[in-house]
$ cat final21.pdb   # PDB, C-alpha atoms, pLDDT in the B column
ATOM      1  CA  MET A  26     -58.838  40.056  -7.285  1.00 90.00           C
ATOM      2  CA  ASN A  27     -57.871  39.307  -3.744  1.00 94.00           C
ATOM      3  CA  VAL A  28     -59.345  37.527  -0.753  1.00 96.00           C
ATOM      4  CA  GLY A  29     -61.570  40.025   1.069  1.00 95.00           C
ATOM      5  CA  ASP A  30     -62.647  41.995  -2.025  1.00 94.00           C
ATOM      6  CA  LEU A  31     -66.351  42.855  -2.143  1.00 94.00           C
ATOM      7  CA  VAL A  32     -67.969  41.898  -5.455  1.00 93.00           C
ATOM      8  CA  PHE A  33     -71.206  42.004  -7.426  1.00 89.00           C
ATOM      9  CA  SER A  34     -72.302  39.578 -10.114  1.00 88.00           C
ATOM     10  CA  ARG A  35     -71.277  40.983 -13.512  1.00 83.00           C
ATOM     11  CA  PHE A  36     -74.599  39.837 -14.970  1.00 77.00           C
ATOM     12  CA  HIS A  37     -76.985  41.283 -12.388  1.00 67.00           C
ATOM     13  CA  GLY A  38     -75.004  43.974 -10.584  1.00 56.00           C
ATOM     14  CA  MET A  39     -76.448  45.420  -7.405  1.00 55.00           C
ATOM     15  CA  HIS A  40     -79.833  43.824  -8.096  1.00 54.00           C
ATOM     16  CA  GLU A  41     -78.485  40.276  -7.898  1.00 61.00           C
ATOM     17  CA  GLU A  42     -80.670  38.145  -5.633  1.00 72.00           C
ATOM     18  CA  ASN A  43     -77.514  37.166  -3.761  1.00 74.00           C
ATOM     19  CA  GLY A  44     -76.545  40.782  -3.017  1.00 80.00           C
ATOM     20  CA  ILE A  45     -72.922  41.697  -2.559  1.00 89.00           C
ATOM     21  CA  GLY A  46     -70.325  38.983  -2.039  1.00 92.00           C
ATOM     22  CA  ILE A  47     -66.926  38.648  -0.447  1.00 95.00           C
ATOM     23  CA  ILE A  48     -64.126  36.668  -2.065  1.00 97.00           C
ATOM     24  CA  ILE A  49     -62.824  33.958   0.237  1.00 97.00           C
ATOM     25  CA  GLU A  50     -60.490  32.111  -2.150  1.00 96.00           C
ATOM     26  CA  THR A  51     -58.754  32.895  -5.439  1.00 95.00           C
ATOM     27  CA  GLY A  52     -56.781  30.963  -8.042  1.00 91.00           C
ATOM     28  CA  ILE A  53     -59.137  27.979  -8.160  1.00 91.00           C
ATOM     29  CA  ASN A  54     -58.541  25.568 -11.027  1.00 87.00           C
ATOM     30  CA  MET A  55     -61.973  25.182 -12.567  1.00 81.00           C
ATOM     31  CA  TRP A  56     -62.833  21.629 -13.593  1.00 77.00           C
ATOM     32  CA  GLY A  57     -59.414  20.451 -12.373  1.00 75.00           C
ATOM     33  CA  GLU A  58     -57.569  22.275 -15.147  1.00 71.00           C
ATOM     34  CA  ASP A  59     -55.566  25.485 -15.368  1.00 73.00           C
ATOM     35  CA  VAL A  60     -57.783  27.857 -17.308  1.00 74.00           C
ATOM     36  CA  ILE A  61     -57.968  31.588 -17.766  1.00 82.00           C
ATOM     37  CA  PRO A  62     -59.799  33.112 -16.064  1.00 88.00           C
ATOM     38  CA  SER A  63     -59.348  31.116 -12.898  1.00 90.00           C
ATOM     39  CA  GLY A  64     -62.082  30.602 -10.350  1.00 93.00           C
ATOM     40  CA  VAL A  65     -62.887  32.417  -7.135  1.00 96.00           C
ATOM     41  CA  SER A  66     -65.046  31.388  -4.184  1.00 96.00           C
ATOM     42  CA  VAL A  67     -67.593  33.968  -3.107  1.00 95.00           C
ATOM     43  CA  ILE A  68     -69.893  34.065  -0.078  1.00 95.00           C
ATOM     44  CA  TRP A  69     -73.047  36.011  -0.959  1.00 92.00           C
ATOM     45  CA  SER A  70     -74.573  38.366   1.633  1.00 89.00           C
ATOM     46  CA  LYS A  71     -78.274  37.717   1.074  1.00 86.00           C
ATOM     47  CA  THR A  72     -78.160  33.930   0.809  1.00 86.00           C
ATOM     48  CA  SER A  73     -75.013  33.170   2.865  1.00 88.00           C
ATOM     49  CA  GLU A  74     -74.191  30.588   0.182  1.00 90.00           C
ATOM     50  CA  CYS A  75     -70.674  29.922  -1.031  1.00 93.00           C
ATOM     51  CA  GLU A  76     -70.297  29.725  -4.799  1.00 92.00           C
ATOM     52  CA  THR A  77     -67.302  29.123  -7.060  1.00 92.00           C
ATOM     53  CA  VAL A  78     -67.419  31.210 -10.238  1.00 92.00           C
ATOM     54  CA  TYR A  79     -64.996  32.339 -12.933  1.00 92.00           C
ATOM     55  CA  GLU A  80     -63.349  35.582 -11.853  1.00 93.00           C
ATOM     56  CA  ASP A  81     -64.715  37.390 -14.918  1.00 91.00           C
ATOM     57  CA  GLU A  82     -68.271  36.695 -13.688  1.00 91.00           C
ATOM     58  CA  VAL A  83     -67.870  39.135 -10.793  1.00 91.00           C
ATOM     59  CA  VAL A  84     -66.925  42.800 -10.553  1.00 89.00           C
ATOM     60  CA  ILE A  85     -65.096  44.358  -7.606  1.00 91.00           C
ATOM     61  CA  ALA A  86     -67.607  46.647  -5.860  1.00 87.00           C
ATOM     62  CA  ASN A  87     -65.483  49.804  -6.019  1.00 76.00           C
ATOM     63  CA  GLU A  88     -65.112  49.319  -9.798  1.00 68.00           C
ATOM     64  CA  TYR A  89     -68.880  48.970 -10.332  1.00 58.00           C
ATOM     65  CA  LYS A  90     -70.424  51.876 -12.225  1.00 58.00           C
ATOM     66  CA  ILE A  91     -74.107  52.692 -12.092  1.00 55.00           C
ATOM     67  CA  CYS A  92     -75.415  54.089 -15.367  1.00 49.00           C
TER      68      CYS A  92
END
$ encode --input "final21.pdb" --output "structure tokens"
Amino acid sequence: MNVGDLVFSRFHGMHEENGIGIIIETGINMWGEDVIPSGVSVIWSKTSECETVYEDEVVIANEYKIC
């Protein structure tokens, strides 16, 4: 994942109440410790809120598959 990638929540996909997000920071040490996966900061389109989540909680939009 890179800064500028568009993402969806892995748990809610396109129907997430926050909509699509854009990654604004990567490589965040969650809880002050080096862990895998690391954290990313995301600004969500619908709420304009910034949230820090584990990188495995989001999916890059062009990798998202609708079943």
$ resolve_selection --input "final21.pdb" --expression "the PyMOL selection byres ((chain A and resi 33) around 6)" --output "ChimeraX atom specification"
/A:32,34,38,45,83-84
$ closest_residue --input "final21.pdb" --among "A:Val78, A:Ile68, A:Met26, A:Ile61" --to "Gly44 of chain A" --atoms "all atoms listed in the file"
A:Ile68
$ resolve_selection --input "final21.pdb" --expression "the PyMOL selection byres ((chain A and resi 71-77) around 10)" --output "list in words"
Glu41, Glu42, Asn43, Gly44, Ile45, Gly46, Ile47, Ile48, Ile49, Glu50, Thr51, Ile53, Met55, Gly64, Val65, Ser66, Val67, Ile68, Trp69, Ser70, Val78, Tyr79 and Glu80 of chain A
$ residues_around --input "final21.pdb" --residues "Asp81 of chain A" --least-positions-apart "4" --cutoff "9 Å" --atoms "all atoms listed in the file" --output "list in words"
Arg35, Pro62, Ser63 and Gly64 of chain A
$ build_atoms --input "final21.pdb" --residues "segment 56-76 of chain A" --atoms "N, CA and C atoms" --output "mmCIF file, in the frame of the given file"
data_model
loop_
_atom_site.group_PDB
_atom_site.id
_atom_site.type_symbol
_atom_site.label_atom_id
_atom_site.label_comp_id
_atom_site.auth_asym_id
_atom_site.auth_seq_id
_atom_site.Cartn_x
_atom_site.Cartn_y
_atom_site.Cartn_z
ATOM 1 N N TRP A 56 -62.733 22.937 -12.952
ATOM 2 C CA TRP A 56 -62.833 21.629 -13.593
ATOM 3 C C TRP A 56 -61.515 20.858 -13.537
ATOM 4 N N GLY A 57 -60.662 21.179 -12.546
ATOM 5 C CA GLY A 57 -59.414 20.451 -12.373
ATOM 6 C C GLY A 57 -58.351 20.790 -13.398
ATOM 7 N N GLU A 58 -58.523 21.881 -14.119
ATOM 8 C CA GLU A 58 -57.569 22.275 -15.147
ATOM 9 C C GLU A 58 -57.188 23.739 -14.955
ATOM 10 N N ASP A 59 -55.969 24.079 -15.366
ATOM 11 C CA ASP A 59 -55.566 25.485 -15.368
ATOM 12 C C ASP A 59 -56.227 26.175 -16.547
ATOM 13 N N VAL A 60 -57.100 27.103 -16.258
ATOM 14 C CA VAL A 60 -57.783 27.857 -17.308
ATOM 15 C C VAL A 60 -57.716 29.333 -16.965
ATOM 16 N N ILE A 61 -57.900 30.144 -17.965
ATOM 17 C CA ILE A 61 -57.968 31.588 -17.766
ATOM 18 C C ILE A 61 -59.347 32.022 -18.223
ATOM 19 N N PRO A 62 -60.114 32.663 -17.412
ATOM 20 C CA PRO A 62 -59.799 33.112 -16.064
ATOM 21 C C PRO A 62 -59.942 31.984 -15.058
ATOM 22 N N SER A 63 -59.250 32.124 -13.954
ATOM 23 C CA SER A 63 -59.348 31.116 -12.898
ATOM 24 C C SER A 63 -60.619 31.355 -12.097
ATOM 25 N N GLY A 64 -60.882 30.488 -11.159
ATOM 26 C CA GLY A 64 -62.082 30.602 -10.350
ATOM 27 C C GLY A 64 -61.831 31.314 -9.038
ATOM 28 N N VAL A 65 -62.916 31.818 -8.466
ATOM 29 C CA VAL A 65 -62.887 32.417 -7.135
ATOM 30 C C VAL A 65 -64.085 31.898 -6.352
ATOM 31 N N SER A 66 -63.921 31.749 -5.049
ATOM 32 C CA SER A 66 -65.046 31.388 -4.184
ATOM 33 C C SER A 66 -65.591 32.655 -3.565
ATOM 34 N N VAL A 67 -66.913 32.769 -3.600
ATOM 35 C CA VAL A 67 -67.593 33.968 -3.107
ATOM 36 C C VAL A 67 -68.672 33.540 -2.119
ATOM 37 N N ILE A 68 -68.756 34.233 -0.984
ATOM 38 C CA ILE A 68 -69.893 34.065 -0.078
ATOM 39 C C ILE A 68 -70.808 35.253 -0.313
ATOM 40 N N TRP A 69 -72.081 34.959 -0.650
ATOM 41 C CA TRP A 69 -73.047 36.011 -0.959
ATOM 42 C C TRP A 69 -73.771 36.472 0.294
ATOM 43 N N SER A 70 -74.005 37.781 0.418
ATOM 44 C CA SER A 70 -74.573 38.366 1.633
ATOM 45 C C SER A 70 -76.029 37.980 1.880
ATOM 46 N N LYS A 71 -76.849 37.967 0.862
ATOM 47 C CA LYS A 71 -78.274 37.717 1.074
ATOM 48 C C LYS A 71 -78.588 36.243 1.317
ATOM 49 N N THR A 72 -77.849 35.355 0.692
ATOM 50 C CA THR A 72 -78.160 33.930 0.809
ATOM 51 C C THR A 72 -77.205 33.182 1.733
ATOM 52 N N SER A 73 -76.074 33.791 2.056
ATOM 53 C CA SER A 73 -75.013 33.170 2.865
ATOM 54 C C SER A 73 -74.455 31.907 2.213
ATOM 55 N N GLU A 74 -74.693 31.754 0.913
ATOM 56 C CA GLU A 74 -74.191 30.588 0.182
ATOM 57 C C GLU A 74 -72.812 30.874 -0.386
ATOM 58 N N CYS A 75 -71.996 29.837 -0.428
ATOM 59 C CA CYS A 75 -70.674 29.922 -1.031
ATOM 60 C C CYS A 75 -70.779 29.379 -2.447
ATOM 61 N N GLU A 76 -70.219 30.118 -3.394
ATOM 62 C CA GLU A 76 -70.297 29.725 -4.799
ATOM 63 C C GLU A 76 -68.927 29.915 -5.441
#
